[in-house]
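Scroll down for the structure; my scribbles are underneath it.
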Amino acid sequence: MAGRLVIDTNVFVSYLIQPFSVPGQAVARALREFQILTSDASRAELTNVLERPKFGRYISPSLRDPILDRIWSISELVAIPFPIRACRDPNDDKFLELAVHGHADFIITGDQDLLILNPFRGIAILTPAAFLSLKTERP
């Protein structure tokens, strides 16, 4: 594997709704080439977002649930032994915690609240487009 990474909820949602979009392509590459890290909090957020009625017209539960099951089965579930409070949006701290405790190389996000922290404790925080432009080797 080329490295360890965290994928923000907004990027996962784009992948599930528009798999050929830039975020969709970034997730597809990440799933093929990298170790995906998840936490209880990141899994819960993605599940809760996708269960919102507005997403039902894009992806039905009969499609959504097997895709999530596949993502969970190939991702590494990381324990979060202590919180990290560094983001101006406290709801995004879960991704910093996951990256730090999971020894991630990257966080992929479209969220400016996270992107402005790049790099965070040596972890690159990249847009999906920037991630796609990376060479296969680790940074």
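Residues are named by chain letter and number: chains run A, B, ... in the order of the structure tokens, numbers start at 1 in each chain, and ligands are numbered from 1 in the order shown.
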Practice task
For range 107-111 of chain A, please output as a PyMOL selection string all residues within 6 Å (counting only C-alpha atoms; exclusion window: fewer than 5 positions along the same chain).
Solution key: chain A and resi 5-8+125-128
Exercise for the section: Select, from A:Glu45, A:Asp105, A:Asp113, A:Asp92, the residue with the minimum atom-to-atom distance to Phe131 in chain A, counting only C-alpha atoms. Expected result: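 Under the stated criterion, the closest residue is A:Asp105.
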Problem - Spatial neighbours of range 69-79 of chain A, 8 Å, only C-alpha atoms, chain gap at least 2 places, as number ranges by chain - result: A: 35-40, 65-67, 81, 98, 101-102
